[in-house]
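Right, one structure below, let's go through it.
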Amino acid sequence: MALPITEADVLGALRPIVDPDFGKSIVDLGFVKSLRIEGGRVAFAIELTTPACPVKAEFEKAARERVSALPGVESVDVTMTANTRGRAAVPATGPESEILPGVRNTIAVASGKGGVGKSTTAVNLALALRETGASVGILDADVYGPSLQLLLGVNARPQTIERKILPNEAYGMKTMTMGFFVNESSPVIWRGPMVHGLISQFLKDVEWGTLDYLVIDLPPGTGDAALTLTQMAPLSGAVIVTTANDLSLIDARKGLKMFEKVSVPVLGIIENMSYFTPPDLPDRKYYIFGRGGGERTAKELSVEFLGEVPIDPRVVEGGDVGRPILVHAPDSDAARAFRKLAGTIARKLAVLATDTPPLADASIEWVS
Ligand SMILES: Nc1ncnc2c1ncn2[C@@H]1O[C@H](COP(=O)(O)OP(=O)(O)O)[C@@H](O)[C@H]1O
Ligand SMILES: [Mg+2]
């Protein structure tokens with residue numbers, strides 16, 4: 001008669017699986033949860049630090065194969081779950097409790113100037129995170145040029161309940177923009193103190209609820225609104241969007257300084273509209289604005305280069321009808337690029353937040 005399978009056998013089989021971000025075994029990291037062994041049937045969950053983990057499928061496959069190979073194992077049931085790491089629970093009282101208390105990660109999307117695709121990037125990164133099952137919100141803090149209402153195709157005036165503003169829903173995300181309140185044809189001219197008030201309302205009076213990620217589309221540059229936001233919001237990290245021909249290192253440096261001042265880590269630089277692939281020449285990449293601009297900028301500034309997003313006319317087409325490329329052309333290279341970037345960003349945030357213990361405590365059940 002074969003010896004019964006033990007917890008130690010299963011954990012031993014899983015131990016060689018290493019999380020590349022933490023450089024440690026998934027067993028030692030406490031990712032293996034709810035282990036149950038009933039005769040030859042083994043079931044367990046692997047709890048990742050973000051649902052957007054790009055190596056999710058690899059972990060699942062490796063775990064299944066390794067445990068299946070144990071003598072006596074008849075079936076293996078692996079459940080992939082996530083407990084998104086992020087900011088520690090905010091105290092119920094005090095100044096911190098007012099600002100985004102239920103938001104675990106706040107990502108600022110910034111750029112030196114307008115027109116580089118900052119809003120497009122913010123929306124598609126948010127959607128990519130949402131696709132993985134994360135709870136996501138997106139705040140358009142570009143009060144001078146709000147565009148979220150157009151990009152997502154929602155423009156109902158948000159409801160107010162007991163002095164709280166309820167965000168609109170779009171594609172399963174909570175959304176807020178000045179564009180919900182102003183007429184498209186009326187120019188938006190806000191003066192400094194008004195901007196401060198608006199941003200403050202967006203952060204304090206909007207009912208964001210519990211979110212894994214809040215993506216914030218910052219106004220371009222380092223003006224009033226951007227400064228107010230970076231000073232007020234508990235930002236987990238920032239990404240800077242550029243184009244290959246936007247080689248304004250001065251602007252990029254200013255942006256970095258702005259985040260440095262408030263101790264917000266800059267996760268890296270994204271180069272948008274990098275190259276064009278004609279539909280009839282699918283393996284060509286034409287770097288219309290020159291190659292490697294974003295990467296060079298990143299090097300000069302000693303920040304990471306996160307990746308390129310190609311030019312795709314469907315980005316514009318979809319943007320005009322409230323269908324971001326992730327929805328409009330989900331299999332396009334541009335959509336894939338945004339998904340990959342979202343995964344990278346989510347992982348970086350999870351690593352940054354490892355000092356914060358996960359909310360649920362690690363427990364392993366063993367049923368013989
Ligand atoms: N990867 C892309 N391919 C094609 N067009 C793009 C791409 N990214 C952005 N655009 C287009 O460029 C214009 C500016 O983008 P937007 O996101 O509004 O920039 P920003 O917020 O930086 O001002 C929009 O018309 C948008 O559709
Ligand atoms: Mg914009």
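In the structure tokens, the first chain shown is A, the next is B, and so on; residue numbers restart at 1 for each chain, and ligands run from 1 in the order shown.
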
List as CSV every residue of stretch 119-207 of chain A that is in contact with stretch 229-241 of chain A, defined as an atom at most 10 Å from one of its atoms (using only C-alpha atoms), together with the nearest atom pair and the distance in Å rounded to one decimal, sorted by chain and then rising number.
```
residue,atom,partner,partner_atom,distance
A:Ser119,CA,A:Val241,CA,9.5
A:Thr121,CA,A:Val241,CA,7.8
A:Ala122,CA,A:Val241,CA,9.5
A:Ala141,CA,A:Leu229,CA,7.8
A:Val195,CA,A:Leu229,CA,9.7
A:His196,CA,A:Leu229,CA,8.2
A:Ile199,CA,A:Leu229,CA,6.5
A:Ser200,CA,A:Met232,CA,7.5
A:Phe202,CA,A:Leu229,CA,9.8
A:Leu203,CA,A:Ala233,CA,7.1
A:Lys204,CA,A:Ala233,CA,9.5
```

Just C-alpha atoms for this one: save the residues we selected as an mmCIF file, in the first residue's frame.
```cif
data_model
loop_
_atom_site.group_PDB
_atom_site.id
_atom_site.type_symbol
_atom_site.label_atom_id
_atom_site.label_comp_id
_atom_site.auth_asym_id
_atom_site.auth_seq_id
_atom_site.Cartn_x
_atom_site.Cartn_y
_atom_site.Cartn_z
ATOM 1 C CA SER A 119 -5.390 59.796 -21.339
ATOM 2 C CA THR A 121 -2.786 55.159 -21.802
ATOM 3 C CA ALA A 122 -4.556 55.796 -18.492
ATOM 4 C CA ALA A 141 -7.634 64.877 -12.933
ATOM 5 C CA VAL A 195 -8.544 73.679 -9.164
ATOM 6 C CA HIS A 196 -7.432 72.874 -5.655
ATOM 7 C CA ILE A 199 -9.175 67.976 -6.983
ATOM 8 C CA SER A 200 -9.894 67.868 -3.298
ATOM 9 C CA PHE A 202 -12.549 64.295 -6.445
ATOM 10 C CA LEU A 203 -10.405 62.694 -3.785
ATOM 11 C CA LYS A 204 -12.512 63.278 -0.681
#
```

**Distance filter 10 Å around ligand 1, atoms: only C-alpha atoms and all ligand atoms, out as a PyMOL selection string** = chain A and resi 109-124+140+142+145-148+150-151+217-220+241-243+271-276+308-320+324-325+333-335+337-338

**Message:** Using DSSP secondary structure from the backbone, list all strand (DSSP E or B) positions within stretch 11-188 of chain A, as a VMD selection string.
**Reply:** chain A and resid 18 to 19 24 to 25 32 to 38 41 to 48 75 to 82 103 to 111 136 to 140 160 to 161 164 to 165 168 to 170 173 to 177

**Item:** Nearest residue to ligand 2 from the set A:Thr210, A:Thr81, A:Thr132, A:Gln149 (distances using only C-alpha atoms and all ligand atoms)
**Value:**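 Result for the nearest residue to ligand 2: A:Gln149.
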
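Of the residues listed (A:Ile288, A:Ile216, A:Leu48, A:Ala346), A:Ile216 shows the shortest atom-to-atom separation from ligand 2; distances use only C-alpha atoms and all ligand atoms.
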
**Request:** May I ask which of the residues A:Val67, A:Ala57, A:Val78, A:Val206 is the closest one to A:Ala45, counting only C-alpha atoms?
**Result:**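 Between A:Val67, A:Ala57, A:Val78, A:Val206, the residue approaching A:Ala45 most closely is A:Val78.
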
**Message:** From a backbone DSSP assignment, name each residue in stretch 205-266 of chain A labelled alpha helix (DSSP H), as a ChimeraX atom specification.
**Reply:** /A:224-232,249-261

**Request:** Go through A:Gly255, A:Thr175, A:Phe180, A:Ser332 and flag the residue nearest A:Thr277, using only C-alpha atoms for the distances.
**Result:** A:Ser332

**Message:** Give me, as a PyMOL selection string, all polymer residues having an atom no more than 8 Å from A:Asp212, counting only C-alpha atoms and skipping those fewer than 6 positions away in the same chain.
**Reply:** chain A and resi 84+86+103-105+134-136

**Asked** stretch 14-27 of chain A: which residues within 10 Å, counting only C-alpha atoms, same-chain residues fewer than 6 positions away excluded, as a list in words?
**Response** Ala8, Lys33, Ile46, Glu47, Leu48, Val55, Glu58, Phe59, Ala62, Ala63, Arg64, Glu65, Arg66, Val67, Arg347, Lys348, Ala350, Val351 and Thr354 of chain A

Selected residues written out, N, CA, C and O atoms, as a compact mmCIF listing (two decimals), in the first residue's frame:
```txt
# COMPACT_ATOMS: atom_id res chain seq x y z
N ALA A 8 3.61 18.05 3.57
CA ALA A 8 5.03 18.30 3.29
C ALA A 8 5.39 17.86 1.88
O ALA A 8 6.18 18.53 1.20
N LYS A 33 -2.33 28.38 -0.36
CA LYS A 33 -3.41 28.49 0.63
C LYS A 33 -4.37 27.32 0.50
O LYS A 33 -4.45 26.69 -0.56
N ILE A 46 -3.37 29.18 -5.09
CA ILE A 46 -2.16 30.01 -5.11
C ILE A 46 -2.65 31.45 -5.11
O ILE A 46 -3.35 31.88 -6.03
N GLU A 47 -2.30 32.14 -4.04
CA GLU A 47 -2.77 33.52 -3.91
C GLU A 47 -1.66 34.48 -4.30
O GLU A 47 -0.64 34.58 -3.62
N LEU A 48 -1.89 35.18 -5.41
CA LEU A 48 -0.88 36.12 -5.91
C LEU A 48 -1.07 37.49 -5.27
O LEU A 48 -2.09 37.76 -4.65
N VAL A 55 2.59 36.14 -14.83
CA VAL A 55 3.05 34.75 -14.81
C VAL A 55 2.03 33.82 -14.17
O VAL A 55 2.33 32.67 -13.84
N GLU A 58 1.64 30.49 -15.96
CA GLU A 58 2.84 29.66 -15.79
C GLU A 58 2.88 29.02 -14.41
O GLU A 58 3.21 27.84 -14.25
N PHE A 59 2.56 29.81 -13.39
CA PHE A 59 2.51 29.28 -12.02
C PHE A 59 1.52 28.13 -11.92
O PHE A 59 1.81 27.09 -11.36
N ALA A 62 2.85 25.01 -13.75
CA ALA A 62 3.96 24.39 -13.04
C ALA A 62 3.47 23.71 -11.77
O ALA A 62 3.89 22.59 -11.44
N ALA A 63 2.55 24.35 -11.08
CA ALA A 63 2.04 23.79 -9.82
C ALA A 63 1.31 22.47 -10.10
O ALA A 63 1.53 21.46 -9.42
N ARG A 64 0.46 22.50 -11.12
CA ARG A 64 -0.31 21.30 -11.46
C ARG A 64 0.63 20.16 -11.84
O ARG A 64 0.50 19.04 -11.36
N GLU A 65 1.60 20.46 -12.70
CA GLU A 65 2.52 19.41 -13.17
C GLU A 65 3.34 18.83 -12.04
O GLU A 65 3.49 17.62 -11.93
N ARG A 66 3.84 19.70 -11.17
CA ARG A 66 4.71 19.23 -10.10
C ARG A 66 3.97 18.37 -9.10
O ARG A 66 4.48 17.33 -8.66
N VAL A 67 2.78 18.77 -8.75
CA VAL A 67 2.02 18.00 -7.76
C VAL A 67 1.49 16.71 -8.39
O VAL A 67 1.50 15.65 -7.76
N ARG A 347 2.87 44.41 -10.97
CA ARG A 347 3.91 43.67 -10.26
C ARG A 347 4.83 44.61 -9.49
O ARG A 347 5.21 44.32 -8.35
N LYS A 348 5.19 45.72 -10.13
CA LYS A 348 6.07 46.66 -9.45
C LYS A 348 5.40 47.21 -8.19
O LYS A 348 6.03 47.35 -7.15
N ALA A 350 3.13 45.71 -6.42
CA ALA A 350 3.03 44.64 -5.43
C ALA A 350 4.35 44.51 -4.67
O ALA A 350 4.37 44.32 -3.45
N VAL A 351 5.45 44.62 -5.41
CA VAL A 351 6.76 44.51 -4.75
C VAL A 351 6.99 45.71 -3.82
O VAL A 351 7.46 45.55 -2.70
N THR A 354 5.28 45.29 -0.44
CA THR A 354 5.46 44.06 0.34
C THR A 354 5.67 44.31 1.82
O THR A 354 5.49 43.41 2.62
```

**Message:** Residues near A:Val42, anyone? I mean within 6 Å using only C-alpha atoms, not counting same-chain ones fewer than 4 positions away, as JSON, numbers by chain.
**Reply:** {"A": [36, 37, 76]}

**Prompt:** Using only C-alpha atoms, which of A:Arg191, A:Ile5, A:Glu295, A:Leu100 sits nearest A:Glu207?
**Reply:**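 Looking only at the distances to A:Glu207, the closest residue turns out to be A:Leu100.
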
**Request:** Please indicate the distance in Å from atom CA of A:Leu214 to atom CA of A:Ala252, rounded to one decimal place.
**Result:**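 Taking atom CA of A:Leu214 and atom CA of A:Ala252, their separation equals 22.8 Å.
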
**Request:** Within 8 Å of A:Glu7, counting only C-alpha atoms, which residues show up once you throw out same-chain ones fewer than 2 positions away? Write them as a PyMOL selection string, please.
**Result:** chain A and resi 5+9-11+35+37+366

**Asked** With distances taken over only C-alpha atoms and all ligand atoms, which of A:Val143, A:Leu211, A:Ala170, A:Ile250 is nearest to ligand 2?
**Response**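 Of all the options, A:Val143 lies closest to ligand 2.
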
Shell of 12 Å around A:Ile161, only C-alpha atoms, local chain residues under 3 positions omitted, as a compact mmCIF listing (two decimals) with all heavy atoms, in the first residue's frame:
```txt
# COMPACT_ATOMS: atom_id res chain seq x y z
N PRO A 158 -23.18 62.72 -12.54
CA PRO A 158 -23.13 61.81 -11.39
C PRO A 158 -24.16 62.19 -10.32
O PRO A 158 -24.45 63.37 -10.13
CB PRO A 158 -21.71 61.99 -10.86
CG PRO A 158 -20.94 62.55 -11.99
CD PRO A 158 -21.90 63.38 -12.78
N LYS A 164 -22.06 62.90 -0.85
CA LYS A 164 -21.06 62.09 -1.55
C LYS A 164 -21.44 62.02 -3.02
O LYS A 164 -22.62 61.84 -3.36
CB LYS A 164 -21.05 60.66 -0.97
CG LYS A 164 -20.26 60.54 0.33
CD LYS A 164 -18.79 60.42 0.01
CE LYS A 164 -17.97 60.18 1.28
NZ LYS A 164 -16.53 60.30 1.00
N ILE A 165 -20.43 62.15 -3.88
CA ILE A 165 -20.68 62.06 -5.32
C ILE A 165 -20.45 60.61 -5.76
O ILE A 165 -19.41 60.03 -5.44
CB ILE A 165 -19.72 62.99 -6.10
CG1 ILE A 165 -19.79 64.41 -5.53
CG2 ILE A 165 -20.06 62.99 -7.58
CD1 ILE A 165 -18.62 65.30 -5.97
N LEU A 166 -21.43 60.05 -6.43
CA LEU A 166 -21.27 58.66 -6.88
C LEU A 166 -20.60 58.64 -8.26
O LEU A 166 -21.08 59.27 -9.20
CB LEU A 166 -22.63 57.96 -6.97
CG LEU A 166 -23.46 57.90 -5.70
CD1 LEU A 166 -24.70 57.04 -5.92
CD2 LEU A 166 -22.63 57.34 -4.53
N PRO A 167 -19.49 57.91 -8.39
CA PRO A 167 -18.83 57.86 -9.69
C PRO A 167 -19.71 57.13 -10.71
O PRO A 167 -20.51 56.28 -10.34
CB PRO A 167 -17.55 57.07 -9.41
CG PRO A 167 -17.74 56.39 -8.11
CD PRO A 167 -18.81 57.10 -7.36
N ASP A 205 -14.67 63.62 -1.75
CA ASP A 205 -16.13 63.55 -1.76
C ASP A 205 -16.71 62.52 -2.71
O ASP A 205 -17.90 62.27 -2.73
CB ASP A 205 -16.72 64.93 -2.11
CG ASP A 205 -16.33 65.98 -1.08
OD1 ASP A 205 -15.95 65.60 0.04
OD2 ASP A 205 -16.38 67.18 -1.41
N VAL A 206 -15.84 61.94 -3.54
CA VAL A 206 -16.34 60.90 -4.45
C VAL A 206 -16.30 59.56 -3.73
O VAL A 206 -15.32 59.24 -3.05
CB VAL A 206 -15.50 60.85 -5.76
CG1 VAL A 206 -15.90 59.66 -6.61
CG2 VAL A 206 -15.66 62.15 -6.53
N GLU A 207 -17.39 58.83 -3.87
CA GLU A 207 -17.51 57.54 -3.19
C GLU A 207 -16.77 56.47 -4.00
O GLU A 207 -17.37 55.72 -4.76
CB GLU A 207 -19.02 57.22 -3.09
CG GLU A 207 -19.38 56.04 -2.22
CD GLU A 207 -18.94 56.20 -0.79
OE1 GLU A 207 -19.48 57.09 -0.12
OE2 GLU A 207 -18.06 55.44 -0.35
```
